[in-house]
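Just data-v2.cif here, mmCIF, C-alpha atoms:
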data_model
#
loop_
_atom_site.group_PDB
_atom_site.id
_atom_site.type_symbol
_atom_site.label_atom_id
_atom_site.label_comp_id
_atom_site.auth_asym_id
_atom_site.auth_seq_id
_atom_site.Cartn_x
_atom_site.Cartn_y
_atom_site.Cartn_z
ATOM 1 C CA MET A 1175 -8.122 5.231 -7.956
ATOM 2 C CA THR A 1176 -5.780 2.310 -8.330
ATOM 3 C CA PRO A 1177 -4.458 -0.644 -6.327
ATOM 4 C CA LEU A 1178 -1.277 0.105 -4.382
ATOM 5 C CA SER A 1179 0.451 -2.680 -6.323
ATOM 6 C CA ASN A 1180 0.036 -0.683 -9.588
ATOM 7 C CA MET A 1181 1.880 2.407 -8.349
ATOM 8 C CA SER A 1182 5.472 3.244 -9.295
ATOM 9 C CA PRO A 1183 8.416 3.598 -6.893
ATOM 10 C CA GLY A 1184 8.557 7.146 -5.526
ATOM 11 C CA GLN A 1185 4.853 7.743 -6.100
ATOM 12 C CA ARG A 1186 2.612 9.078 -3.307
ATOM 13 C CA GLY A 1187 -1.086 8.694 -2.665
ATOM 14 C CA ILE A 1188 -3.900 8.608 -0.147
ATOM 15 C CA ILE A 1189 -5.361 5.280 0.978
ATOM 16 C CA THR A 1190 -9.100 5.222 0.226
ATOM 17 C CA GLY A 1191 -10.057 1.673 1.205
ATOM 18 C CA PHE A 1192 -9.765 -2.030 0.442
ATOM 19 C CA THR A 1193 -11.109 -4.248 -2.334
ATOM 20 C CA ASP A 1194 -12.680 -6.681 0.156
ATOM 21 C CA GLU A 1195 -13.108 -7.432 3.846
ATOM 22 C CA SER A 1196 -10.704 -10.371 4.032
ATOM 23 C CA ARG A 1197 -8.521 -11.451 6.924
ATOM 24 C CA VAL A 1198 -5.535 -9.889 5.177
ATOM 25 C CA SER A 1199 -7.356 -6.536 4.907
ATOM 26 C CA ARG A 1200 -8.062 -6.571 8.644
ATOM 27 C CA ARG A 1201 -4.407 -7.360 9.354
ATOM 28 C CA LEU A 1202 -3.301 -4.441 7.151
ATOM 29 C CA LEU A 1203 -5.615 -2.154 9.151
ATOM 30 C CA GLU A 1204 -3.942 -3.360 12.353
ATOM 31 C CA MET A 1205 -0.541 -2.539 10.834
ATOM 32 C CA GLY A 1206 -1.579 1.078 10.147
ATOM 33 C CA VAL A 1207 -2.715 0.834 6.526
ATOM 34 C CA VAL A 1208 -5.781 2.975 7.270
ATOM 35 C CA PRO A 1209 -8.039 4.907 4.847
ATOM 36 C CA GLY A 1210 -7.195 8.610 4.800
ATOM 37 C CA ARG A 1211 -3.481 8.119 5.504
ATOM 38 C CA SER A 1212 -0.768 9.143 3.076
ATOM 39 C CA VAL A 1213 1.374 6.375 1.588
ATOM 40 C CA VAL A 1214 4.689 6.519 -0.294
ATOM 41 C CA TYR A 1215 5.835 3.615 -2.456
ATOM 42 C CA LEU A 1216 9.573 3.532 -1.649
ATOM 43 C CA ARG A 1217 11.085 0.652 -3.629
ATOM 44 C CA ASP A 1218 10.883 -2.946 -4.808
ATOM 45 C CA ALA A 1219 12.920 -5.958 -3.793
ATOM 46 C CA PRO A 1220 15.197 -7.239 -6.593
ATOM 47 C CA LEU A 1221 12.498 -9.542 -8.016
ATOM 48 C CA ARG A 1222 9.718 -6.921 -7.484
ATOM 49 C CA ASP A 1223 8.205 -8.772 -4.519
ATOM 50 C CA PRO A 1224 7.847 -7.620 -1.767
ATOM 51 C CA MET A 1225 7.480 -3.869 -2.114
ATOM 52 C CA GLU A 1226 8.416 -1.339 0.562
ATOM 53 C CA ILE A 1227 5.980 1.431 1.505
ATOM 54 C CA GLN A 1228 6.025 4.236 4.050
ATOM 55 C CA ILE A 1229 2.995 5.315 6.063
ATOM 56 C CA GLY A 1230 3.804 8.151 8.436
ATOM 57 C CA SER A 1231 7.172 7.330 9.988
ATOM 58 C CA CYS A 1232 6.692 3.559 9.601
ATOM 59 C CA CYS A 1233 8.114 1.506 6.726
ATOM 60 C CA LEU A 1234 6.374 -1.751 5.761
ATOM 61 C CA SER A 1235 7.147 -4.515 3.295
ATOM 62 C CA LEU A 1236 4.070 -5.931 1.574
ATOM 63 C CA ARG A 1237 3.647 -8.759 -0.893
ATOM 64 C CA ARG A 1238 2.163 -7.593 -4.187
ATOM 65 C CA SER A 1239 -0.899 -9.760 -3.504
ATOM 66 C CA GLU A 1240 -1.447 -7.861 -0.235
ATOM 67 C CA ALA A 1241 -0.815 -4.472 -1.860
ATOM 68 C CA ALA A 1242 -3.407 -5.313 -4.536
ATOM 69 C CA LEU A 1243 -6.085 -5.237 -1.796
ATOM 70 C CA VAL A 1244 -5.304 -1.584 -0.915
ATOM 71 C CA ILE A 1245 -7.023 1.109 -3.040
ATOM 72 C CA VAL A 1246 -5.076 4.359 -3.362
ATOM 73 C CA ASN A 1247 -5.846 7.755 -4.877
ATOM 74 C CA PRO A 1248 -2.401 8.572 -6.381
ATOM 75 C CA GLU A 1249 -1.029 12.114 -6.406
ATOM 76 C CA ARG A 1250 -0.259 13.457 -9.850
#

Would you mind writing the file out in structure tokens?
Amino acid sequence: MTPLSNMSPGQRGIITGFTDESRVSRRLLEMGVVPGRSVVYLRDAPLRDPMEIQIGSCCLSLRRSEAALVIVNPER
């Protein structure tokens, strides 16, 4: 398992949880970043921050600091 921020563009995985129970983690849950859901890392902004992910049919842009809170089981 790895933080979402360590994945590569185009890589897929399953969200397994969060590193802590912070306010940001709760906000990510409200936005649909929920354990058990599939996530696709789509692309980076030109300076690598933020990163764009897809969960279901929804695309989100997350700062790398926010993505570091999300633990993912990457597909090989």

Self-check item: Atom pair atom CA of Arg1211 of chain A / atom CA of Asn1247 of chain A: separation (Å)
Solution: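 Atom-to-atom, atom CA of Arg1211 of chain A and atom CA of Asn1247 of chain A are spaced 10.7 Å apart.
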
Quiz item: Could you state the separation of atom CA of Val1198 of chain A and atom CA of Arg1250 of chain A in Å, given to one decimal place?
Solution: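 Going from atom CA of Val1198 of chain A over to atom CA of Arg1250 of chain A covers 28.3 Å.
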
Quiz item: What is the distance, in Å and to one decimal place, between atom CA of Leu1236 of chain A and atom CA of Pro1224 of chain A?
Solution: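 These two atoms are separated by 5.3 Å.
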
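With the shown file loaded, the PyMOL selection byres ((chain A and resi 1208) around 12) picks out Ile1188, Ile1189, Thr1190, Gly1191, Phe1192, Ser1199, Arg1200, Arg1201, Leu1202, Leu1203, Glu1204, Met1205, Gly1206, Val1207, Pro1209, Gly1210, Arg1211, Ser1212, Val1213, Ile1229, Gly1230, Val1244, Ile1245 and Val1246 of chain A.
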
With C-alpha atoms retained, could you export that selection as a PDB file, keeping the file's coordinate frame?
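See part_25.pdb below for the written result:
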ATOM      1  CA  ILE A1188      -3.900   8.608  -0.147  1.00  0.00           C
ATOM      2  CA  ILE A1189      -5.361   5.280   0.978  1.00  0.00           C
ATOM      3  CA  THR A1190      -9.100   5.222   0.226  1.00  0.00           C
ATOM      4  CA  GLY A1191     -10.057   1.673   1.205  1.00  0.00           C
ATOM      5  CA  PHE A1192      -9.765  -2.030   0.442  1.00  0.00           C
ATOM      6  CA  SER A1199      -7.356  -6.536   4.907  1.00  0.00           C
ATOM      7  CA  ARG A1200      -8.062  -6.571   8.644  1.00  0.00           C
ATOM      8  CA  ARG A1201      -4.407  -7.360   9.354  1.00  0.00           C
ATOM      9  CA  LEU A1202      -3.301  -4.441   7.151  1.00  0.00           C
ATOM     10  CA  LEU A1203      -5.615  -2.154   9.151  1.00  0.00           C
ATOM     11  CA  GLU A1204      -3.942  -3.360  12.353  1.00  0.00           C
ATOM     12  CA  MET A1205      -0.541  -2.539  10.834  1.00  0.00           C
ATOM     13  CA  GLY A1206      -1.579   1.078  10.147  1.00  0.00           C
ATOM     14  CA  VAL A1207      -2.715   0.834   6.526  1.00  0.00           C
ATOM     15  CA  PRO A1209      -8.039   4.907   4.847  1.00  0.00           C
ATOM     16  CA  GLY A1210      -7.195   8.610   4.800  1.00  0.00           C
ATOM     17  CA  ARG A1211      -3.481   8.119   5.504  1.00  0.00           C
ATOM     18  CA  SER A1212      -0.768   9.143   3.076  1.00  0.00           C
ATOM     19  CA  VAL A1213       1.374   6.375   1.588  1.00  0.00           C
ATOM     20  CA  ILE A1229       2.995   5.315   6.063  1.00  0.00           C
ATOM     21  CA  GLY A1230       3.804   8.151   8.436  1.00  0.00           C
ATOM     22  CA  VAL A1244      -5.304  -1.584  -0.915  1.00  0.00           C
ATOM     23  CA  ILE A1245      -7.023   1.109  -3.040  1.00  0.00           C
ATOM     24  CA  VAL A1246      -5.076   4.359  -3.362  1.00  0.00           C
TER      25      VAL A1246
END

Exercise. Would you kindly return, as a ChimeraX atom specification, each protein, DNA or RNA residue with an atom no farther than 6 Å from any atom of segment 1239-1243 of chain A, considering all atoms listed in the file and excluding same-chain residues fewer than 4 positions away?
Key: /A:1177-1179,1192-1193

Would you compute an axis-aligned box for segment 1206-1211 of chain A, covering every atom listed for it in the file with 3 Å of margin on each side, and report centre and edge lengths in Å to one decimal as AutoDock Vina command-line options?
--center_x -4.8 --center_y 4.7 --center_z 7.5 --size_x 12.5 --size_y 13.8 --size_z 11.3

Exercise. Can you give me, as an MDAnalysis selection string, the residues this file yields under the PyMOL selection byres ((chain A and resi 1226) around 12)?
Key: chainID A and resid 1178:1179 1181:1185 1213:1220 1222:1225 1227:1229 1232:1238 1240:1241
